[in-house]
Amino acid sequence: MTKVRARVAGQGWAARSFYRLCRGIVIVFGRVWFRLSVNGRENVPVSGPYVVAPVHRSNLDTPLVGAAMPTRVRFMGKDSLWAKKAGGWFVTALGGFPVSRGSADREAMKRCFEMIEGGEPVVLFAEGERKSGPLVQPLYDGACYVAAKYRVPIVPVAVGGSERAMPKGATFIRPRKIHVEIGTPITTADRVPESGRVPRDTVRVLTAQLQGELQELFDRAQIKAGS
């Protein structure tokens, strides 16, 4: 097994067990502190890789989206988190994979490709960095490009109430209602040829569809969260 494949595999049963433990803690804390509710878990593929494309309003979104998924999902993290062996194991076990801060998008995409090729789902915040407010901002096409390249589904996700619980710059997590809404997967396999380059127009169409569905999900999630 190559180093890349070993990293993708997640260091075996110990990391998987640790992830399940942490996921359980997040779920319990979420239900107690946020009255966390999740709708649409049945929409998540039961096996194989896929791209999770959430709306991003708070640092809480990453652990909450991870907890809402039935299996471990992978997400980008600053490579400095892997500076120490113990810290690197911890972040990898939680689903993180390293991307150099300030690196070109090409490197970030390469890392995502490694995860998908390893058979694991990847979280790509469709708006890029954290945004604010009730409107879904213009999307980067990275999530749809990765999904189209590998002909895997895109799972749109909206987290309502997380910005009220922990807005940008906040240090205290407020006990506010949070609701996670998981949408129907957007298929890509029927729109992209099995070999060759991914048509740019196809990515644009997928991105527009994703933005529309994310807005609908976000509206519902915000209402259920009382925002």
# chains A, B, ... in the order shown; residues from 1 in each chain; ligands from 1
$ select_by_dssp --residues "chain A" --states "strand (DSSP E or B)" --output "ChimeraX atom specification"
/A:37-39,51-54,74-78,96-99,122-123,154-160,179-182,186
$ closest_atom_pairs --of "segment 47-106 of chain A" --to "segment 175-192 of chain A" --cutoff "10 Å" --atoms "only C-alpha atoms" --output "CSV"
residue,atom,partner,partner_atom,distance
A:Tyr50,CA,A:Pro185,CA,9.1
A:Val51,CA,A:Pro185,CA,9.3
A:Val52,CA,A:Pro185,CA,9.1
A:Ala53,CA,A:Ile182,CA,9.8
A:Pro54,CA,A:Ile182,CA,8.9
A:Asp61,CA,A:Val180,CA,9.4
A:Leu64,CA,A:Val180,CA,8.0
A:Val65,CA,A:Val180,CA,7.6
A:Ala68,CA,A:Val180,CA,7.5
A:Met69,CA,A:Ile182,CA,9.2
$ write_last_selection --atoms "N, CA and C atoms" --output "PDB file, in the first residue's frame"
ATOM      1  N   TYR A  50     -18.523  10.122  -2.672  1.00  0.00           N
ATOM      2  CA  TYR A  50     -19.437  11.157  -3.132  1.00  0.00           C
ATOM      3  C   TYR A  50     -18.901  12.485  -2.612  1.00  0.00           C
ATOM      4  N   VAL A  51     -19.439  13.573  -3.103  1.00  0.00           N
ATOM      5  CA  VAL A  51     -19.027  14.911  -2.668  1.00  0.00           C
ATOM      6  C   VAL A  51     -20.145  15.523  -1.837  1.00  0.00           C
ATOM      7  N   VAL A  52     -19.830  15.905  -0.609  1.00  0.00           N
ATOM      8  CA  VAL A  52     -20.776  16.614   0.252  1.00  0.00           C
ATOM      9  C   VAL A  52     -20.538  18.112   0.059  1.00  0.00           C
ATOM     10  N   ALA A  53     -21.576  18.851  -0.313  1.00  0.00           N
ATOM     11  CA  ALA A  53     -21.439  20.278  -0.616  1.00  0.00           C
ATOM     12  C   ALA A  53     -22.333  21.085   0.314  1.00  0.00           C
ATOM     13  N   PRO A  54     -21.815  21.499   1.480  1.00  0.00           N
ATOM     14  CA  PRO A  54     -22.643  22.251   2.421  1.00  0.00           C
ATOM     15  C   PRO A  54     -22.549  23.765   2.237  1.00  0.00           C
ATOM     16  N   ASP A  61     -19.956  24.101  11.415  1.00  0.00           N
ATOM     17  CA  ASP A  61     -20.495  23.352  10.287  1.00  0.00           C
ATOM     18  C   ASP A  61     -19.736  22.053  10.018  1.00  0.00           C
ATOM     19  N   LEU A  64     -20.615  19.320  12.615  1.00  0.00           N
ATOM     20  CA  LEU A  64     -22.037  18.994  12.534  1.00  0.00           C
ATOM     21  C   LEU A  64     -22.380  18.246  11.249  1.00  0.00           C
ATOM     22  N   VAL A  65     -21.784  18.669  10.135  1.00  0.00           N
ATOM     23  CA  VAL A  65     -22.002  17.949   8.883  1.00  0.00           C
ATOM     24  C   VAL A  65     -21.425  16.533   8.990  1.00  0.00           C
ATOM     25  N   ALA A  68     -23.699  14.355  10.916  1.00  0.00           N
ATOM     26  CA  ALA A  68     -24.949  14.061  10.215  1.00  0.00           C
ATOM     27  C   ALA A  68     -24.800  12.964   9.173  1.00  0.00           C
ATOM     28  N   MET A  69     -23.557  12.713   8.735  1.00  0.00           N
ATOM     29  CA  MET A  69     -23.313  11.686   7.739  1.00  0.00           C
ATOM     30  C   MET A  69     -23.210  10.301   8.407  1.00  0.00           C
TER      31      MET A  69
END
$ select_by_dssp --residues "segment 92-157 of chain A" --states "alpha helix (DSSP H)" --output "list in words"
Thr92, Ala93, Asp105, Arg106, Glu107, Ala108, Met109, Lys110, Arg111, Cys112, Phe113, Glu114, Met115, Ile116, Glu117, Gly142, Ala143, Cys144, Tyr145, Val146, Ala147, Ala148, Lys149 and Tyr150 of chain A
$ write_last_selection --atoms "C-alpha atoms" --output "compact mmCIF listing (two decimals), in the first residue's frame"
# COMPACT_ATOMS: atom_id res chain seq x y z
CA THR A 92 -6.61 12.35 10.14
CA ALA A 93 -8.72 10.09 12.34
CA ASP A 105 -6.17 25.25 -6.19
CA ARG A 106 -4.51 22.53 -8.24
CA GLU A 107 -2.91 21.01 -5.14
CA ALA A 108 -6.17 21.12 -3.21
CA MET A 109 -7.94 19.38 -6.10
CA LYS A 110 -5.21 16.75 -6.24
CA ARG A 111 -5.77 15.96 -2.58
CA CYS A 112 -9.52 15.67 -3.17
CA PHE A 113 -8.88 13.34 -6.09
CA GLU A 114 -6.80 11.09 -3.81
CA MET A 115 -9.67 10.81 -1.35
CA ILE A 116 -12.25 10.02 -4.03
CA GLU A 117 -9.92 7.48 -5.66
CA GLY A 142 -14.68 22.94 -7.36
CA ALA A 143 -17.28 20.68 -5.75
CA CYS A 144 -19.09 20.05 -9.03
CA TYR A 145 -15.85 19.62 -10.95
CA VAL A 146 -14.56 16.94 -8.56
CA ALA A 147 -17.89 15.13 -8.62
CA ALA A 148 -18.15 15.32 -12.42
CA LYS A 149 -14.57 14.17 -12.98
CA TYR A 150 -15.23 10.98 -11.04
$ residues_around --residues "segment 94-100 of chain A" --least-positions-apart "5" --cutoff "10 Å" --atoms "only C-alpha atoms" --output "short mmCIF file (atom, residue, chain, number, x, y, z; two decimals) with C-alpha atoms, in the first residue's frame"
data_model
loop_
_atom_site.label_atom_id
_atom_site.label_comp_id
_atom_site.auth_asym_id
_atom_site.auth_seq_id
_atom_site.Cartn_x
_atom_site.Cartn_y
_atom_site.Cartn_z
CA ARG A 7 -3.43 8.07 4.46
CA VAL A 8 -6.68 7.75 2.55
CA GLY A 10 -7.33 6.39 7.64
CA ALA A 15 -8.75 5.69 13.61
CA ARG A 16 -12.18 4.43 12.60
CA PHE A 18 -11.81 7.01 17.38
CA TYR A 19 -13.89 8.73 14.70
CA ARG A 20 -17.03 6.88 15.79
CA LEU A 21 -16.39 7.88 19.40
CA CYS A 22 -15.93 11.55 18.50
CA ARG A 23 -18.95 11.49 16.22
CA PRO A 63 -18.26 18.73 12.92
CA GLY A 66 -19.63 15.09 9.77
CA ARG A 72 -16.75 9.17 7.92
CA VAL A 73 -16.28 12.03 5.48
CA ARG A 74 -12.99 13.73 4.60
CA PHE A 75 -12.34 17.47 4.72
CA MET A 76 -9.41 19.80 4.04
CA GLY A 77 -7.22 21.03 6.87
CA LYS A 78 -4.19 23.33 7.11
CA ASP A 79 -1.03 21.26 6.75
CA SER A 80 0.32 22.80 9.97
CA LEU A 81 -2.14 20.59 11.86
CA TRP A 82 0.02 17.66 10.80
CA GLY A 88 -1.62 14.57 12.63
CA TRP A 89 -3.05 11.21 13.67
CA ASP A 105 -6.17 25.25 -6.19
CA GLU A 107 -2.91 21.01 -5.14
CA ALA A 108 -6.17 21.12 -3.21
CA MET A 109 -7.94 19.38 -6.10
CA LYS A 110 -5.21 16.75 -6.24
CA ARG A 111 -5.77 15.96 -2.58
CA CYS A 112 -9.52 15.67 -3.17
CA GLU A 114 -6.80 11.09 -3.81
CA MET A 115 -9.67 10.81 -1.35
CA GLU A 120 -14.07 8.00 0.54
CA PRO A 121 -16.60 10.87 0.53
CA VAL A 122 -15.21 14.40 0.56
CA VAL A 123 -16.66 17.60 2.06
#
$ closest_residue --among "A:Val152, A:Ile173, A:Met166, A:Val55" --to "Glu213 of chain A" --atoms "only C-alpha atoms"
A:Val55
